[in-house]
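One structure is given below, encoded as structure tokens.
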Amino acid sequence: MSAPLNNQLAIVTGGSRGIGLAIASQLAELGAEVIITARKPDALKKAADLIGRQGGRCDGVCCDVSSLADVEALAHKLGARLRKLGVLVNNAGVGGFSAPLHETDPSTWDSILNTNLRGVYYMMRQFAPALIANGGGDIINISSLAGKNALPNGAAYAASKWGLNGLSYSTAEELRGHKVRVTVICPGSVNTELSPHEGKNVSKMLQPSDVAHVVAMVVTQAPQSFASEILLRPAQKP
Ligand SMILES: NC(=O)c1ccc[n+]([C@@H]2O[C@H](COP(=O)([O-])OP(=O)(O)OC[C@H]3O[C@@H](n4cnc5c(N)ncnc54)[C@H](OP(=O)(O)O)[C@@H]3O)[C@@H](O)[C@H]2O)c1
């Protein structure tokens with residue numbers, strides 16, 4: 001039996017570590033040719049090599065999602081390979097959990113909103129047309145439970161994820177008729193560099209592989225099925 005994503009290209013932003021690396025590895029295991037993006041070339045190469053050693057096909061391409069020029073250059077670089085694009089995972093994100101909004105610098109606000117929200121707009125603007133042209137596919141946006149709840153000392157981050165949820169619900173309706181499913185996944189705290197660990201029992205936290213497992217469920221749904229929003233919580237409070 002052939003792997004479910006054979007002959008498909010998948011793009012995973014922020015694929016050099018953490019949740020993005022776990023998702024990229026999972027999509028490669030499902031048979032996709034995976035493009036991972038991030039800003040730091042060394043970490044990207046290490047991640048792509050790791051997936052290669054696991055038997056997957058993966059290339060790293062430097063791309064800052066908050067830069068329109070970088071996103072356009074990524075599309076240019078992929079060129080004809082985009083005819084196989086079937087999956088886009090918008091995962092790249094930055095945190096910010098240490099100060100109330102009135103003590104938050106405009107530069108911090110810009111970095112969080114430009115990566116977590118504007119970056120997804122740039123990626124969808126650039127790559128949704130390829131998915132439409134290819135007859136459909138999946139766009140998966142990695143949001144957060146911070147996009148469903150209040151997050152004191154993380155208001156800019158919460159605003160970016162509430163915004164991302166609204167963007168995802170709206171574009172899901174725009175793209176549904178083109179057989180492109182836009183799914184938003186909202187995990188609680190995951191054991192990565194981004195997440196504050198103070199006072200948490202790490203063994204009870206969600207792991208990057210748990211988010212990757214949900215992505216695998218989404219991309220292997222039957223064509224008539226559409227899990228549009230998934231809230232992912234740890235089984236026990238960490
Ligand atoms: N960890 C959690 O508790 C948690 C919970 C819910 C949701 N999330 C969401 O899950 C996603 C991944 O988080 P993570 O925990 O895996 O974080 P992480 O370990 O810090 O990894 C973030 C990834 O994004 C890349 N990145 C950051 N800014 C970028 C930019 N401007 N352009 C391109 N790539 C960029 C990083 O690489 P470079 O630094 O090299 O660019 C890295 O590959 C984020 O959207 C986050 O908000 C995380």
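Chain lettering (A, B, ...) mirrors the order of the structure tokens, residue numbering begins at 1 for each chain separately, and ligand numbering begins at 1 in order of display.
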Subject >> Expected answer as a list in words: strand (DSSP E) residues in range 88-192 of chain A >> reply: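 Residues of range 88-192 of chain A classed as strand (DSSP E): Leu88, Val89, Asn90, Gly137, Asp138, Ile139, Ile140, Asn141, Ile142, Val180, Arg181, Val182, Thr183, Val184, Ile185, Cys186 and Pro187 of chain A.
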Could you please take those selected residues and save N, CA, C and O atoms as a short mmCIF file (atom, residue, chain, number, x, y, z; two decimals), in the first residue's frame?
data_model
loop_
_atom_site.label_atom_id
_atom_site.label_comp_id
_atom_site.auth_asym_id
_atom_site.auth_seq_id
_atom_site.Cartn_x
_atom_site.Cartn_y
_atom_site.Cartn_z
N LEU A 88 0.09 22.77 3.60
CA LEU A 88 0.83 23.92 4.12
C LEU A 88 0.56 24.00 5.62
O LEU A 88 -0.61 24.12 6.03
N VAL A 89 1.62 23.91 6.41
CA VAL A 89 1.45 24.04 7.87
C VAL A 89 2.10 25.35 8.32
O VAL A 89 3.32 25.52 8.22
N ASN A 90 1.27 26.28 8.77
CA ASN A 90 1.76 27.56 9.28
C ASN A 90 1.99 27.40 10.78
O ASN A 90 1.06 27.52 11.59
N GLY A 137 -6.44 20.61 -0.95
CA GLY A 137 -5.36 20.27 -0.02
C GLY A 137 -5.69 20.76 1.38
O GLY A 137 -6.84 21.09 1.67
N ASP A 138 -4.66 20.78 2.22
CA ASP A 138 -4.85 21.19 3.62
C ASP A 138 -3.94 22.34 3.98
O ASP A 138 -2.72 22.29 3.70
N ILE A 139 -4.53 23.36 4.62
CA ILE A 139 -3.74 24.40 5.28
C ILE A 139 -4.01 24.22 6.78
O ILE A 139 -5.18 24.19 7.20
N ILE A 140 -2.94 24.06 7.54
CA ILE A 140 -3.10 23.83 8.98
C ILE A 140 -2.38 24.95 9.72
O ILE A 140 -1.17 25.13 9.55
N ASN A 141 -3.13 25.72 10.49
CA ASN A 141 -2.55 26.82 11.24
C ASN A 141 -2.38 26.42 12.70
O ASN A 141 -3.34 25.98 13.34
N ILE A 142 -1.15 26.55 13.20
CA ILE A 142 -0.90 26.18 14.59
C ILE A 142 -1.12 27.42 15.46
O ILE A 142 -0.31 28.34 15.51
N VAL A 180 -10.05 23.14 -0.40
CA VAL A 180 -8.92 23.39 0.49
C VAL A 180 -9.48 23.52 1.91
O VAL A 180 -10.31 24.38 2.17
N ARG A 181 -9.05 22.61 2.80
CA ARG A 181 -9.51 22.66 4.19
C ARG A 181 -8.54 23.52 4.99
O ARG A 181 -7.32 23.28 4.95
N VAL A 182 -9.04 24.52 5.70
CA VAL A 182 -8.19 25.32 6.60
C VAL A 182 -8.54 24.91 8.03
O VAL A 182 -9.65 25.16 8.50
N THR A 183 -7.59 24.25 8.66
CA THR A 183 -7.81 23.73 10.01
C THR A 183 -6.96 24.52 10.98
O THR A 183 -5.80 24.83 10.68
N VAL A 184 -7.52 24.83 12.14
CA VAL A 184 -6.71 25.48 13.17
C VAL A 184 -6.59 24.54 14.37
O VAL A 184 -7.57 23.95 14.82
N ILE A 185 -5.33 24.35 14.80
CA ILE A 185 -5.05 23.50 15.97
C ILE A 185 -4.61 24.41 17.12
O ILE A 185 -3.71 25.24 16.95
N CYS A 186 -5.25 24.25 18.26
CA CYS A 186 -4.96 25.09 19.43
C CYS A 186 -4.44 24.23 20.57
O CYS A 186 -5.23 23.70 21.37
N PRO A 187 -3.11 24.05 20.65
CA PRO A 187 -2.58 23.25 21.77
C PRO A 187 -2.42 24.08 23.04
O PRO A 187 -2.20 25.29 22.98
#
Original post:
What residues have any atom no more than 7 Å from ligand 1 when counting only C-alpha atoms and all ligand atoms, and can you list them as a ChimeraX atom specification?
Top reply: /A:13-20,37-40,43,63-66,91-95,115-116,142-145,186-195
Subject >> Contact residues around range 109-114 of chain A with only C-alpha atoms at 6 Å, ignoring same-chain residues under 3 positions, as a list in words >> reply: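 The neighbour list is Ser66, Val94, Pro106, Leu117, Arg118, Gly119, Ala156 and Ser160 of chain A.
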Output file for the selection above: all heavy atoms, as a compact mmCIF listing (two decimals), in the first residue's frame:
# COMPACT_ATOMS: atom_id res chain seq x y z
N SER A 66 7.77 36.79 8.34
CA SER A 66 7.29 38.16 8.50
C SER A 66 7.81 39.07 7.38
O SER A 66 7.50 40.26 7.37
CB SER A 66 7.70 38.71 9.87
OG SER A 66 9.10 38.88 9.94
N VAL A 94 6.54 33.07 17.55
CA VAL A 94 7.37 33.50 18.67
C VAL A 94 6.47 33.74 19.87
O VAL A 94 5.30 34.09 19.73
CB VAL A 94 8.20 34.77 18.34
CG1 VAL A 94 9.30 34.44 17.34
CG2 VAL A 94 7.33 35.90 17.83
N PRO A 106 6.78 48.44 21.69
CA PRO A 106 6.24 48.30 20.33
C PRO A 106 7.04 47.30 19.48
O PRO A 106 6.46 46.60 18.66
CB PRO A 106 6.33 49.72 19.76
CG PRO A 106 6.25 50.60 20.96
CD PRO A 106 6.96 49.85 22.06
N LEU A 117 0.86 36.32 13.04
CA LEU A 117 -0.38 36.61 12.30
C LEU A 117 -0.10 37.08 10.87
O LEU A 117 -0.55 36.47 9.91
CB LEU A 117 -1.19 37.66 13.08
CG LEU A 117 -2.60 37.95 12.56
CD1 LEU A 117 -3.43 36.69 12.41
CD2 LEU A 117 -3.30 38.95 13.50
N ARG A 118 0.69 38.14 10.73
CA ARG A 118 0.99 38.63 9.38
C ARG A 118 1.70 37.55 8.55
O ARG A 118 1.44 37.39 7.35
CB ARG A 118 1.88 39.89 9.46
CG ARG A 118 2.21 40.49 8.10
CD ARG A 118 3.15 41.68 8.25
NE ARG A 118 2.46 42.84 8.81
CZ ARG A 118 1.96 43.83 8.07
NH1 ARG A 118 2.09 43.81 6.77
NH2 ARG A 118 1.36 44.84 8.64
N GLY A 119 2.58 36.79 9.21
CA GLY A 119 3.32 35.73 8.50
C GLY A 119 2.37 34.70 7.90
O GLY A 119 2.61 34.19 6.79
N ALA A 156 -0.05 40.30 23.92
CA ALA A 156 0.27 40.41 22.48
C ALA A 156 0.23 39.02 21.84
O ALA A 156 -0.30 38.85 20.74
CB ALA A 156 1.65 41.05 22.29
N SER A 160 -2.33 37.76 18.98
CA SER A 160 -1.92 37.16 17.69
C SER A 160 -2.66 35.86 17.43
O SER A 160 -3.03 35.56 16.30
CB SER A 160 -0.39 36.94 17.67
OG SER A 160 0.01 35.83 18.48
**OP:** From range 17-185 of chain A, collect each residue whose DSSP state is helix (DSSP H, G or I) and return the set as a ChimeraX atom specification.
**Re:** /A:18-29,41-53,68-84,101-103,106-133,145-147,155-176
**OP:** Go ahead and compute the interatomic distance for CA of Leu9 in chain A and CA of Leu167 in chain A, in Å to one decimal.
**Re:** 23.6 Å
